[in-house]
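Colleague: Just one file: final_6.cif, with mmCIF, C-alpha atoms.
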data_work
loop_
_atom_site.group_PDB
_atom_site.id
_atom_site.type_symbol
_atom_site.label_atom_id
_atom_site.label_comp_id
_atom_site.auth_asym_id
_atom_site.auth_seq_id
_atom_site.Cartn_x
_atom_site.Cartn_y
_atom_site.Cartn_z
ATOM 1 C CA MET A 1 96.581 87.904 114.434
ATOM 2 C CA SER A 2 98.362 89.689 111.679
ATOM 3 C CA PHE A 3 96.437 92.611 110.245
ATOM 4 C CA THR A 4 96.991 92.703 106.491
ATOM 5 C CA VAL A 5 96.009 95.063 103.685
ATOM 6 C CA GLU A 6 93.322 92.577 102.734
ATOM 7 C CA LYS A 7 91.864 92.585 106.235
ATOM 8 C CA ALA A 8 92.046 96.352 106.471
ATOM 9 C CA ILE A 9 89.991 96.674 103.280
ATOM 10 C CA LYS A 10 87.560 94.032 104.526
ATOM 11 C CA TRP A 11 87.184 96.031 107.746
ATOM 12 C CA LEU A 12 86.401 99.227 105.842
ATOM 13 C CA GLU A 13 83.923 97.441 103.594
ATOM 14 C CA LYS A 14 82.128 96.027 106.605
ATOM 15 C CA ILE A 15 82.019 99.433 108.287
ATOM 16 C CA ASN A 16 80.502 100.820 105.120
ATOM 17 C CA GLU A 17 77.887 98.039 104.904
ATOM 18 C CA LYS A 18 76.771 98.708 108.462
ATOM 19 C CA ILE A 19 76.678 102.464 107.979
ATOM 20 C CA GLN A 20 74.639 102.123 104.777
ATOM 21 C CA GLU A 21 72.212 99.709 106.445
ATOM 22 C CA ASN A 22 71.796 101.986 109.444
ATOM 23 C CA LYS A 23 71.936 105.325 107.663
ATOM 24 C CA GLN A 24 68.365 106.231 108.631
ATOM 25 C CA TYR A 25 68.867 105.061 112.193
ATOM 26 C CA LEU A 26 72.016 107.181 112.655
ATOM 27 C CA THR A 27 70.244 110.197 111.261
ATOM 28 C CA LYS A 28 67.287 109.556 113.547
ATOM 29 C CA LEU A 29 69.611 109.477 116.551
ATOM 30 C CA ASP A 30 71.148 112.764 115.452
ATOM 31 C CA GLN A 31 67.853 114.592 114.963
ATOM 32 C CA PRO A 32 66.721 115.223 118.560
ATOM 33 C CA ILE A 33 70.131 116.334 119.881
ATOM 34 C CA GLY A 34 72.152 117.293 116.814
ATOM 35 C CA ASP A 35 71.796 118.519 113.280
ATOM 36 C CA GLY A 36 70.415 115.274 111.838
ATOM 37 C CA ASP A 37 73.085 114.674 109.252
ATOM 38 C CA HIS A 38 75.216 111.969 110.863
ATOM 39 C CA GLY A 39 73.817 109.041 108.848
ATOM 40 C CA ILE A 40 73.982 110.877 105.540
ATOM 41 C CA ASN A 41 77.494 112.187 106.192
ATOM 42 C CA MET A 42 78.917 108.848 107.285
ATOM 43 C CA ALA A 43 77.205 106.986 104.442
ATOM 44 C CA ARG A 44 78.588 109.372 101.842
ATOM 45 C CA GLY A 45 82.085 109.300 103.316
ATOM 46 C CA PHE A 46 82.452 105.555 103.793
ATOM 47 C CA GLN A 47 81.004 104.779 100.390
ATOM 48 C CA GLU A 48 83.778 106.912 98.973
ATOM 49 C CA VAL A 49 86.342 105.191 101.223
ATOM 50 C CA VAL A 50 85.360 101.780 99.852
ATOM 51 C CA THR A 51 85.644 103.067 96.288
ATOM 52 C CA ILE A 52 89.079 104.544 96.901
ATOM 53 C CA VAL A 53 90.611 101.586 98.719
ATOM 54 C CA ASN A 54 89.460 99.236 95.968
ATOM 55 C CA GLU A 55 90.539 101.458 93.123
ATOM 56 C CA LYS A 56 94.257 101.363 93.855
ATOM 57 C CA GLU A 57 96.835 98.827 94.973
ATOM 58 C CA TYR A 58 98.155 99.376 98.470
ATOM 59 C CA ASP A 59 101.412 97.948 99.779
ATOM 60 C CA THR A 60 100.847 98.554 103.451
ATOM 61 C CA VAL A 61 98.022 98.823 105.982
ATOM 62 C CA SER A 62 99.443 102.226 106.847
ATOM 63 C CA ASP A 63 98.745 103.414 103.281
ATOM 64 C CA VAL A 64 95.185 102.072 103.400
ATOM 65 C CA MET A 65 94.567 103.900 106.681
ATOM 66 C CA LYS A 66 96.025 107.102 105.260
ATOM 67 C CA ALA A 67 93.843 106.986 102.146
ATOM 68 C CA THR A 68 90.862 106.349 104.426
ATOM 69 C CA ALA A 69 91.780 109.283 106.646
ATOM 70 C CA MET A 70 92.092 111.723 103.759
ATOM 71 C CA THR A 71 88.784 110.600 102.249
ATOM 72 C CA VAL A 72 86.932 110.739 105.560
ATOM 73 C CA MET A 73 88.295 114.215 106.287
ATOM 74 C CA SER A 74 87.149 115.628 103.001
ATOM 75 C CA LYS A 75 83.955 113.659 102.407
ATOM 76 C CA VAL A 76 82.258 112.988 105.734
ATOM 77 C CA GLY A 77 81.755 116.538 106.918
ATOM 78 C CA GLY A 78 80.226 117.504 110.248
ATOM 79 C CA ALA A 79 82.294 116.906 113.346
ATOM 80 C CA SER A 80 82.662 113.257 112.368
ATOM 81 C CA GLY A 81 84.876 114.052 109.373
ATOM 82 C CA PRO A 82 87.752 115.551 111.347
ATOM 83 C CA LEU A 83 87.279 113.139 114.267
ATOM 84 C CA TYR A 84 87.192 109.860 112.346
ATOM 85 C CA GLY A 85 89.705 111.270 109.867
ATOM 86 C CA THR A 86 92.126 111.955 112.697
ATOM 87 C CA ALA A 87 91.530 108.449 114.107
ATOM 88 C CA PHE A 88 92.493 106.773 110.815
ATOM 89 C CA LEU A 89 95.424 109.136 110.330
ATOM 90 C CA LYS A 90 96.806 108.236 113.769
ATOM 91 C CA MET A 91 96.433 104.540 112.949
ATOM 92 C CA SER A 92 98.272 105.113 109.700
ATOM 93 C CA LEU A 93 101.140 106.729 111.608
ATOM 94 C CA ALA A 94 101.200 103.973 114.239
ATOM 95 C CA PHE A 95 101.424 101.279 111.527
ATOM 96 C CA LYS A 96 104.049 103.072 109.487
ATOM 97 C CA GLU A 97 107.127 100.998 108.674
ATOM 98 C CA LYS A 98 105.712 97.971 110.450
ATOM 99 C CA GLU A 99 106.262 94.824 108.486
ATOM 100 C CA VAL A 100 103.738 92.843 110.485
ATOM 101 C CA ILE A 101 100.832 94.288 112.396
ATOM 102 C CA ASP A 102 100.320 91.974 115.315
ATOM 103 C CA ASP A 103 97.829 92.333 118.177
ATOM 104 C CA ALA A 104 100.028 94.633 120.217
ATOM 105 C CA THR A 105 100.706 96.934 117.265
ATOM 106 C CA PHE A 106 97.038 97.079 116.357
ATOM 107 C CA ILE A 107 95.978 97.825 119.941
ATOM 108 C CA HIS A 108 98.622 100.557 120.036
ATOM 109 C CA GLY A 109 97.164 101.939 116.771
ATOM 110 C CA LEU A 110 93.686 102.061 118.293
ATOM 111 C CA GLU A 111 95.077 103.803 121.351
ATOM 112 C CA GLU A 112 96.757 106.417 119.181
ATOM 113 C CA ALA A 113 93.477 106.882 117.321
ATOM 114 C CA LEU A 114 91.659 107.412 120.612
ATOM 115 C CA ASN A 115 94.257 109.976 121.708
ATOM 116 C CA GLY A 116 93.862 111.731 118.366
ATOM 117 C CA ILE A 117 90.074 111.895 118.740
ATOM 118 C CA LYS A 118 90.360 113.269 122.269
ATOM 119 C CA GLN A 119 92.873 115.870 121.211
ATOM 120 C CA ARG A 120 90.962 116.956 118.124
ATOM 121 C CA GLY A 121 87.634 117.215 119.919
ATOM 122 C CA ARG A 122 89.138 118.315 123.237
ATOM 123 C CA ALA A 123 86.937 115.646 124.749
ATOM 124 C CA ILE A 124 87.268 113.272 127.664
ATOM 125 C CA HIS A 125 85.284 110.186 128.627
ATOM 126 C CA GLY A 126 81.729 110.760 129.856
ATOM 127 C CA GLU A 127 80.728 113.736 127.717
ATOM 128 C CA LYS A 128 78.444 111.742 125.410
ATOM 129 C CA THR A 129 80.753 111.613 122.435
ATOM 130 C CA LEU A 130 82.433 108.818 120.500
ATOM 131 C CA VAL A 131 85.195 108.848 123.137
ATOM 132 C CA ASP A 132 82.693 107.049 125.382
ATOM 133 C CA VAL A 133 82.938 104.014 123.095
ATOM 134 C CA TRP A 134 86.571 104.242 121.979
ATOM 135 C CA GLU A 135 88.046 104.620 125.447
ATOM 136 C CA PRO A 136 86.421 101.564 127.105
ATOM 137 C CA VAL A 137 87.271 99.402 124.072
ATOM 138 C CA VAL A 138 90.905 100.513 124.003
ATOM 139 C CA ASN A 139 91.249 100.151 127.788
ATOM 140 C CA LYS A 140 89.726 96.695 127.731
ATOM 141 C CA LEU A 141 92.021 95.560 124.925
ATOM 142 C CA LYS A 142 95.073 96.926 126.700
ATOM 143 C CA GLN A 143 94.087 95.400 129.990
ATOM 144 C CA GLU A 144 93.375 91.954 128.574
ATOM 145 C CA ASN A 145 96.145 92.313 126.014
ATOM 146 C CA ASN A 146 94.028 90.099 123.892
ATOM 147 C CA PHE A 147 92.497 90.882 120.572
ATOM 148 C CA GLN A 148 89.255 88.957 120.729
ATOM 149 C CA ALA A 149 86.164 89.504 118.672
ATOM 150 C CA ASP A 150 83.589 89.072 121.425
ATOM 151 C CA LEU A 151 85.594 91.225 123.837
ATOM 152 C CA ILE A 152 85.547 94.101 121.351
ATOM 153 C CA LEU A 153 81.907 93.611 120.430
ATOM 154 C CA ASN A 154 80.559 93.363 123.988
ATOM 155 C CA THR A 155 82.579 96.265 125.333
ATOM 156 C CA ALA A 156 81.637 98.530 122.435
ATOM 157 C CA LYS A 157 77.948 97.615 122.671
ATOM 158 C CA ALA A 158 77.700 98.194 126.425
ATOM 159 C CA ALA A 159 79.590 101.477 126.106
ATOM 160 C CA MET A 160 77.348 102.720 123.300
ATOM 161 C CA GLU A 161 74.186 101.857 125.240
ATOM 162 C CA LYS A 162 75.500 103.656 128.282
ATOM 163 C CA THR A 163 75.627 106.944 126.386
ATOM 164 C CA LYS A 164 71.831 106.941 126.517
ATOM 165 C CA GLU A 165 71.928 107.812 130.221
ATOM 166 C CA THR A 166 74.670 110.384 129.841
ATOM 167 C CA MET A 167 74.061 114.113 129.640
ATOM 168 C CA ALA A 168 75.983 115.706 126.798
ATOM 169 C CA THR A 169 78.595 118.237 127.874
ATOM 170 C CA LYS A 170 80.515 118.353 124.582
ATOM 171 C CA GLY A 171 79.484 118.979 121.012
ATOM 172 C CA ARG A 172 76.273 120.553 119.835
ATOM 173 C CA ALA A 173 74.174 118.105 121.873
ATOM 174 C CA ALA A 174 75.511 119.907 124.958
ATOM 175 C CA TYR A 175 73.247 122.875 124.153
ATOM 176 C CA PHE A 176 70.316 120.582 125.011
ATOM 177 C CA LYS A 177 71.690 119.986 128.530
ATOM 178 C CA GLU A 178 69.514 117.472 130.461
ATOM 179 C CA ASN A 179 67.267 117.011 127.430
ATOM 180 C CA SER A 180 70.147 115.142 125.811
ATOM 181 C CA ILE A 181 69.577 112.301 128.315
ATOM 182 C CA GLY A 182 67.562 109.392 126.922
ATOM 183 C CA HIS A 183 69.168 109.396 123.485
ATOM 184 C CA ILE A 184 72.065 107.249 122.331
ATOM 185 C CA ASP A 185 74.914 109.427 121.078
ATOM 186 C CA PRO A 186 75.036 109.130 117.262
ATOM 187 C CA GLY A 187 78.860 109.197 117.154
ATOM 188 C CA SER A 188 78.968 106.401 119.715
ATOM 189 C CA ALA A 189 76.554 104.390 117.566
ATOM 190 C CA SER A 190 78.688 104.776 114.438
ATOM 191 C CA SER A 191 81.791 103.933 116.486
ATOM 192 C CA PHE A 192 80.015 100.778 117.631
ATOM 193 C CA TYR A 193 79.541 99.774 113.965
ATOM 194 C CA LEU A 194 83.240 100.350 113.387
ATOM 195 C CA PHE A 195 84.128 97.976 116.237
ATOM 196 C CA GLU A 196 81.396 95.509 115.326
ATOM 197 C CA ALA A 197 82.898 95.378 111.818
ATOM 198 C CA LEU A 198 86.347 94.811 113.301
ATOM 199 C CA ALA A 199 85.019 91.983 115.478
ATOM 200 C CA GLU A 200 83.520 90.340 112.389
ATOM 201 C CA VAL A 201 86.819 90.539 110.513
ATOM 202 C CA LEU A 202 88.527 88.837 113.466
ATOM 203 C CA GLU A 203 85.791 86.249 113.715
ATOM 204 C CA GLU A 204 86.111 85.296 110.053
ATOM 205 C CA GLU A 205 89.763 84.588 110.543
ATOM 206 C CA LYS A 206 89.051 81.660 112.849
ATOM 207 C CA MET B 1 102.976 144.836 99.969
ATOM 208 C CA GLY B 2 100.356 142.343 100.993
ATOM 209 C CA TYR B 3 97.776 142.162 103.729
ATOM 210 C CA VAL B 4 96.880 139.596 106.339
ATOM 211 C CA GLY B 5 94.252 137.410 104.679
ATOM 212 C CA ILE B 6 90.866 136.709 106.220
ATOM 213 C CA VAL B 7 88.990 133.411 105.834
ATOM 214 C CA LEU B 8 85.334 133.169 106.864
ATOM 215 C CA ILE B 9 84.258 129.653 107.828
ATOM 216 C CA SER B 10 80.571 129.083 108.343
ATOM 217 C CA HIS B 11 78.159 126.164 108.190
ATOM 218 C CA SER B 12 76.221 128.240 105.693
ATOM 219 C CA GLU B 13 77.601 129.605 102.466
ATOM 220 C CA LYS B 14 75.067 132.433 102.656
ATOM 221 C CA VAL B 15 76.294 133.455 106.094
ATOM 222 C CA ALA B 16 79.926 133.499 104.948
ATOM 223 C CA CYS B 17 79.108 135.435 101.770
ATOM 224 C CA GLY B 18 76.864 137.845 103.679
ATOM 225 C CA ILE B 19 79.631 138.668 106.120
ATOM 226 C CA LYS B 20 82.018 139.167 103.227
ATOM 227 C CA ASP B 21 79.531 141.655 101.729
ATOM 228 C CA ILE B 22 79.410 143.572 104.996
ATOM 229 C CA ILE B 23 83.211 143.749 105.122
ATOM 230 C CA ARG B 24 83.510 144.666 101.425
ATOM 231 C CA GLN B 25 81.240 147.670 101.888
ATOM 232 C CA VAL B 26 84.091 149.187 103.883
ATOM 233 C CA ILE B 27 87.272 147.280 103.087
ATOM 234 C CA GLN B 28 88.198 146.451 99.481
ATOM 235 C CA ASP B 29 91.909 145.678 99.471
ATOM 236 C CA VAL B 30 92.230 142.965 102.089
ATOM 237 C CA PRO B 31 91.813 139.398 100.798
ATOM 238 C CA VAL B 32 88.597 137.979 102.268
ATOM 239 C CA GLU B 33 87.774 134.414 101.251
ATOM 240 C CA VAL B 34 84.736 132.338 102.155
ATOM 241 C CA ALA B 35 84.542 128.667 103.101
ATOM 242 C CA GLY B 36 80.842 128.216 103.668
ATOM 243 C CA GLY B 37 78.786 125.032 103.604
ATOM 244 C CA THR B 38 79.761 121.595 102.380
ATOM 245 C CA ASP B 39 81.182 120.572 98.994
ATOM 246 C CA ASP B 40 77.675 119.791 97.771
ATOM 247 C CA GLY B 41 76.308 123.117 98.928
ATOM 248 C CA LYS B 42 74.609 121.884 102.086
ATOM 249 C CA ILE B 43 74.853 123.100 105.666
ATOM 250 C CA GLY B 44 78.163 122.043 107.208
ATOM 251 C CA THR B 45 81.856 122.732 106.899
ATOM 252 C CA SER B 46 84.436 121.293 104.555
ATOM 253 C CA MET B 47 88.145 120.978 105.116
ATOM 254 C CA ASP B 48 88.721 121.140 101.358
ATOM 255 C CA ARG B 49 86.866 124.421 101.072
ATOM 256 C CA ILE B 50 88.805 125.861 103.984
ATOM 257 C CA SER B 51 92.106 124.730 102.432
ATOM 258 C CA ALA B 52 91.159 126.343 99.111
ATOM 259 C CA ALA B 53 90.187 129.594 100.831
ATOM 260 C CA ILE B 54 93.503 129.650 102.714
ATOM 261 C CA GLU B 55 95.361 129.370 99.388
ATOM 262 C CA CYS B 56 93.430 132.277 97.872
ATOM 263 C CA ALA B 57 93.736 134.540 100.918
ATOM 264 C CA ASP B 58 97.503 134.222 101.166
ATOM 265 C CA GLN B 59 99.599 137.318 100.508
ATOM 266 C CA ASN B 60 102.556 136.142 102.591
ATOM 267 C CA LYS B 61 101.511 138.178 105.596
ATOM 268 C CA GLY B 62 99.644 135.418 107.382
ATOM 269 C CA ILE B 63 96.042 134.287 107.322
ATOM 270 C CA LEU B 64 93.399 134.566 110.013
ATOM 271 C CA LEU B 65 90.573 132.061 110.144
ATOM 272 C CA PHE B 66 87.211 132.924 111.695
ATOM 273 C CA TYR B 67 84.668 130.152 112.365
ATOM 274 C CA ASP B 68 81.164 129.588 113.668
ATOM 275 C CA LEU B 69 79.852 126.348 115.258
ATOM 276 C CA GLY B 70 81.032 122.880 116.251
ATOM 277 C CA SER B 71 82.801 121.156 113.390
ATOM 278 C CA ALA B 72 83.938 124.454 111.860
ATOM 279 C CA LYS B 73 86.747 124.704 114.397
ATOM 280 C CA MET B 74 87.897 121.110 113.971
ATOM 281 C CA ASN B 75 87.891 121.357 110.195
ATOM 282 C CA ALA B 76 89.760 124.655 110.414
ATOM 283 C CA GLU B 77 92.409 123.095 112.643
ATOM 284 C CA LEU B 78 92.758 120.179 110.236
ATOM 285 C CA ALA B 79 93.160 122.524 107.285
ATOM 286 C CA ILE B 80 95.869 124.414 109.184
ATOM 287 C CA GLU B 81 97.710 121.185 109.970
ATOM 288 C CA MET B 82 97.453 119.969 106.380
ATOM 289 C CA SER B 83 98.697 123.242 104.928
ATOM 290 C CA GLU B 84 102.374 123.737 104.205
ATOM 291 C CA LYS B 85 102.070 127.407 104.994
ATOM 292 C CA GLU B 86 103.137 128.989 108.207
ATOM 293 C CA ASN B 87 101.436 131.771 110.035
ATOM 294 C CA ILE B 88 97.852 130.603 109.709
ATOM 295 C CA LYS B 89 95.956 131.317 112.899
ATOM 296 C CA LEU B 90 92.541 130.561 114.245
ATOM 297 C CA ALA B 91 90.836 133.671 115.607
ATOM 298 C CA GLU B 92 88.887 133.173 118.820
ATOM 299 C CA ALA B 93 86.304 135.865 118.209
ATOM 300 C CA PRO B 94 82.708 135.972 116.924
ATOM 301 C CA LEU B 95 82.566 135.286 113.196
ATOM 302 C CA LEU B 96 80.896 138.512 112.100
ATOM 303 C CA GLU B 97 82.203 141.060 114.575
ATOM 304 C CA GLY B 98 85.623 139.457 114.821
ATOM 305 C CA SER B 99 86.261 139.201 111.102
ATOM 306 C CA TYR B 100 85.066 142.765 110.589
ATOM 307 C CA VAL B 101 87.538 144.058 113.167
ATOM 308 C CA GLY B 102 90.215 141.778 111.687
ATOM 309 C CA ALA B 103 89.670 143.113 108.171
ATOM 310 C CA VAL B 104 89.794 146.723 109.328
ATOM 311 C CA GLU B 105 93.021 146.068 111.216
ATOM 312 C CA SER B 106 94.525 144.211 108.262
ATOM 313 C CA SER B 107 93.665 147.118 105.949
ATOM 314 C CA MET B 108 95.710 149.362 108.238
ATOM 315 C CA GLY B 109 98.724 147.157 107.530
ATOM 316 C CA LYS B 110 98.793 145.477 110.925
ATOM 317 C CA SER B 111 100.648 142.198 111.418
ATOM 318 C CA ILE B 112 98.815 139.002 112.289
ATOM 319 C CA ALA B 113 100.118 139.172 115.881
ATOM 320 C CA GLU B 114 98.851 142.744 116.255
ATOM 321 C CA ILE B 115 95.445 141.797 114.898
ATOM 322 C CA ILE B 116 95.134 138.825 117.246
ATOM 323 C CA ASP B 117 96.089 141.101 120.100
ATOM 324 C CA THR B 118 93.332 143.547 119.175
ATOM 325 C CA LEU B 119 90.814 140.702 118.858
ATOM 326 C CA ASN B 120 91.761 139.367 122.271
ATOM 327 C CA LYS B 121 91.238 142.821 123.766
ATOM 328 C CA ASN B 122 87.886 143.336 122.053
ATOM 329 C CA PHE B 123 86.225 139.962 122.520
#
Show me, as structure tokens, the structure contained in the file I just sent.

Modeller:
Amino acid sequence: MSFTVEKAIKWLEKINEKIQENKQYLTKLDQPIGDGDHGINMARGFQEVVTIVNEKEYDTVSDVMKATAMTVMSKVGGASGPLYGTAFLKMSLAFKEKEVIDDATFIHGLEEALNGIKQRGRAIHGEKTLVDVWEPVVNKLKQENNFQADLILNTAKAAMEKTKETMATKGRAAYFKENSIGHIDPGSASSFYLFEALAEVLEEEK
Amino acid sequence: MGYVGIVLISHSEKVACGIKDIIRQVIQDVPVEVAGGTDDGKIGTSMDRISAAIECADQNKGILLFYDLGSAKMNAELAIEMSEKENIKLAEAPLLEGSYVGAVESSMGKSIAEIIDTLNKNF
């Protein structure tokens, strides 16, 4: 695969579609264990991302990721703004000065994004945060060294569902202690949409 | 001669403004800027608002940022990283009590390092 500006924009548009469709659902997930604004925040931010990436011409994927990062940081709000913003910023840096973004480069970009999220949120795997989805996906991709749609989709889905059984020890959900068990983590759900969108972009390429 | 600037970051604009009122009853000269709520006036924090407050609070003596819950810290850290300025620090102290102590110290002409030291001793 070669990840182009066109594909990057397609990816962002698909993320936005999924977020808009599931805005209520994301908010519903955030209500029992958070502040109930995840769906609204993500919907507002990604709508703006789609507007911005279509408004201007971009020469590189790195530039698209950077514009996305800046928009997400200032428009999403909540903890998701800085976390997803950092993820896209790290991808932008990883893709900088790369003529062609092949599988290995893209996987490296996702790994950098994961590291950025962990650093920003001071989070590790298993704390019921979006790291619980990002880390298994990145590890799986690295391990298989293969950028396959169904691999991404299945790993992300299983990882998201697993957060239901996890007790939150990070973020505001952690204040609910064992009462946080039984709910899917909203950030993990939105991260699943991000990977589902990526899988669809890869699938279309076939 | 300038003072160390104080930035109050809260999920609520009312909270940030209320704390500023409390400080202003006692301290008038020190720059105290608020970054409360989201850009559309809702509950949350905004990196853009924090960045704007940092600009306004700057008197070339450093700026201390006080924050409340969750995303406030992450957005504050982002704003620090995005800023070209040096000597912006995140204060690890309660928003109200910490910023009050910080403002008093700043009004006495203390440096940012001295203020952080006092905060670390008090909280």

Colleague: Which neighbours of region 111-113 of chain A fall inside 10 Å, counting all atoms listed in the file, when residues of the same chain fewer than 2 positions from it are skipped, and could you give them as a PyMOL selection string?

Modeller: chain A and resi 83-94+105-109+115-119+134-135+137-139+141-142

Colleague: Could you make a table, as CSV, of the residues of chain B that have an atom within 6 Å of an atom of chain A, each with its nearest atom pair and distance in Å to one decimal, counting all atoms listed in the file, in chain and number order?

Modeller:
residue,atom,partner,partner_atom,distance
B:Gly44,CA,A:Gly78,CA,5.8
B:Ser46,CA,A:Gly77,CA,5.9
B:Met47,CA,A:Ser74,CA,5.8
B:Asp48,CA,A:Ser74,CA,6.0
B:Ser71,CA,A:Ala79,CA,4.3
B:Asn75,CA,A:Pro82,CA,5.9

Colleague: Could you tell me how far CA of Lys28 (chain A) lies from CA of Pro186 (chain A), in Å and to one decimal?

Modeller: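 One can read the CA of Lys28 (chain A) to CA of Pro186 (chain A) distance as 8.6 Å.
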
Colleague: Just want the 9 Å neighbourhood of region 106-122 of chain B, counted on all atoms listed in the file, with same-chain residues fewer than 4 positions away dropped. Output as a list in words.

Modeller: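 Skipping anything fewer than 4 positions along the chain leaves Met1, Gly2, Tyr3, Val4, Gly5, Ile6, Ile27, Gln28, Asp29, Val30, Lys61, Gly62, Ile63, Leu64, Asn87, Ile88, Lys89, Ala91, Glu92, Ala93, Gly98, Val101 and Gly102 of chain B.
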
Colleague: Residues at most 9 Å from Glu55 (chain B), counting only C-alpha atoms, excluding those fewer than 3 positions away in the same chain, as a VMD selection string?

Modeller: chain B and resid 50 to 52 58 83 85

Colleague: Once the PyMOL selection byres ((chain A and resi 16) around 9) has been applied to the shown file, what residues remain in the selection, as a PyMOL selection string?

Modeller: chain A and resi 11-15+17-21+42-43+45-47+49-50+193-194+197

Colleague: Would you list the residues near (74.1, 115.8, 126.8), meaning any protein, DNA or RNA residue with an atom at most 12 Å from that point in file coordinates, counting only C-alpha atoms, as a PDB file with C-alpha atoms, in the coordinates of the input?

Modeller:
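Below is the file out32.pdb, written as the result:
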ATOM      1  CA  PRO A  32      66.721 115.223 118.560  1.00  0.00           C
ATOM      2  CA  ILE A  33      70.131 116.334 119.881  1.00  0.00           C
ATOM      3  CA  GLY A  34      72.152 117.293 116.814  1.00  0.00           C
ATOM      4  CA  GLY A 126      81.729 110.760 129.856  1.00  0.00           C
ATOM      5  CA  GLU A 127      80.728 113.736 127.717  1.00  0.00           C
ATOM      6  CA  LYS A 128      78.444 111.742 125.410  1.00  0.00           C
ATOM      7  CA  THR A 129      80.753 111.613 122.435  1.00  0.00           C
ATOM      8  CA  THR A 163      75.627 106.944 126.386  1.00  0.00           C
ATOM      9  CA  LYS A 164      71.831 106.941 126.517  1.00  0.00           C
ATOM     10  CA  GLU A 165      71.928 107.812 130.221  1.00  0.00           C
ATOM     11  CA  THR A 166      74.670 110.384 129.841  1.00  0.00           C
ATOM     12  CA  MET A 167      74.061 114.113 129.640  1.00  0.00           C
ATOM     13  CA  ALA A 168      75.983 115.706 126.798  1.00  0.00           C
ATOM     14  CA  THR A 169      78.595 118.237 127.874  1.00  0.00           C
ATOM     15  CA  LYS A 170      80.515 118.353 124.582  1.00  0.00           C
ATOM     16  CA  GLY A 171      79.484 118.979 121.012  1.00  0.00           C
ATOM     17  CA  ARG A 172      76.273 120.553 119.835  1.00  0.00           C
ATOM     18  CA  ALA A 173      74.174 118.105 121.873  1.00  0.00           C
ATOM     19  CA  ALA A 174      75.511 119.907 124.958  1.00  0.00           C
ATOM     20  CA  TYR A 175      73.247 122.875 124.153  1.00  0.00           C
ATOM     21  CA  PHE A 176      70.316 120.582 125.011  1.00  0.00           C
ATOM     22  CA  LYS A 177      71.690 119.986 128.530  1.00  0.00           C
ATOM     23  CA  GLU A 178      69.514 117.472 130.461  1.00  0.00           C
ATOM     24  CA  ASN A 179      67.267 117.011 127.430  1.00  0.00           C
ATOM     25  CA  SER A 180      70.147 115.142 125.811  1.00  0.00           C
ATOM     26  CA  ILE A 181      69.577 112.301 128.315  1.00  0.00           C
ATOM     27  CA  GLY A 182      67.562 109.392 126.922  1.00  0.00           C
ATOM     28  CA  HIS A 183      69.168 109.396 123.485  1.00  0.00           C
ATOM     29  CA  ILE A 184      72.065 107.249 122.331  1.00  0.00           C
ATOM     30  CA  ASP A 185      74.914 109.427 121.078  1.00  0.00           C
ATOM     31  CA  PRO A 186      75.036 109.130 117.262  1.00  0.00           C
TER      32      PRO A 186
END

Colleague: To one decimal place, how far is CA of Glu99 (chain A) from CA of Glu196 (chain A) in Å?

Modeller: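 CA of Glu196 (chain A) lies at a distance of 25.8 Å from CA of Glu99 (chain A).
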
Colleague: Skip Asp59 (chain A) itself and residues of its chain fewer than 3 positions away, then list as a list in words all residues within 10 Å of it, counting all atoms listed in the file.

Modeller: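 Here the qualifying residues turn out to be Thr4, Val5, Lys56, Ser62, Asp63 and Val64 of chain A.
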
Colleague: Give me the residues within 12 Å of Ser12 (chain B) as an MDAnalysis selection string, counting only C-alpha atoms and dropping any in the same chain fewer than 6 places off.

Modeller: chainID B and resid 18:19 34:46 67:69 72

Colleague: At what distance in Å, to one decimal, does CA of Val7 (chain B) lie from CA of Asn60 (chain B)?

Modeller: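 Taking CA of Asn60 (chain B) as the start and CA of Val7 (chain B) as the end point, the length is 14.2 Å.
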
Colleague: Under the rule that all atoms listed in the file are counted, which of A:Thr155, A:Ala8, A:Leu114, A:Asp150 is the nearest residue to Lys66 (chain A)?

Modeller: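 The shortest atom-to-atom distance to Lys66 (chain A) comes from A:Ala8.
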
Colleague: Tell me which of B:Leu90, B:Ile9, B:Met74, B:Ala103 sits closest to Val32 (chain B), counting all atoms listed in the file.

Modeller: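 Answer, going by the shortest atom-to-atom distance: B:Ala103.
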
Colleague: B:Leu95, B:Ile54, B:Ala76, B:Leu65: which is nearest Val15 (chain B), counting all atoms listed in the file?

Modeller: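 Of all the options, B:Leu95 lies closest to Val15 (chain B).
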
Colleague: Step by step, gather every atom of region 47-51 of chain A that the file lists, find the box along x, y and z that holds them, add 6 Å on each side, and finally give centre and edge lengths in Å to one decimal, as AutoDock Vina command-line options.

Modeller:
--center_x 83.7 --center_y 104.3 --center_z 98.8 --size_x 17.3 --size_y 17.1 --size_z 16.9
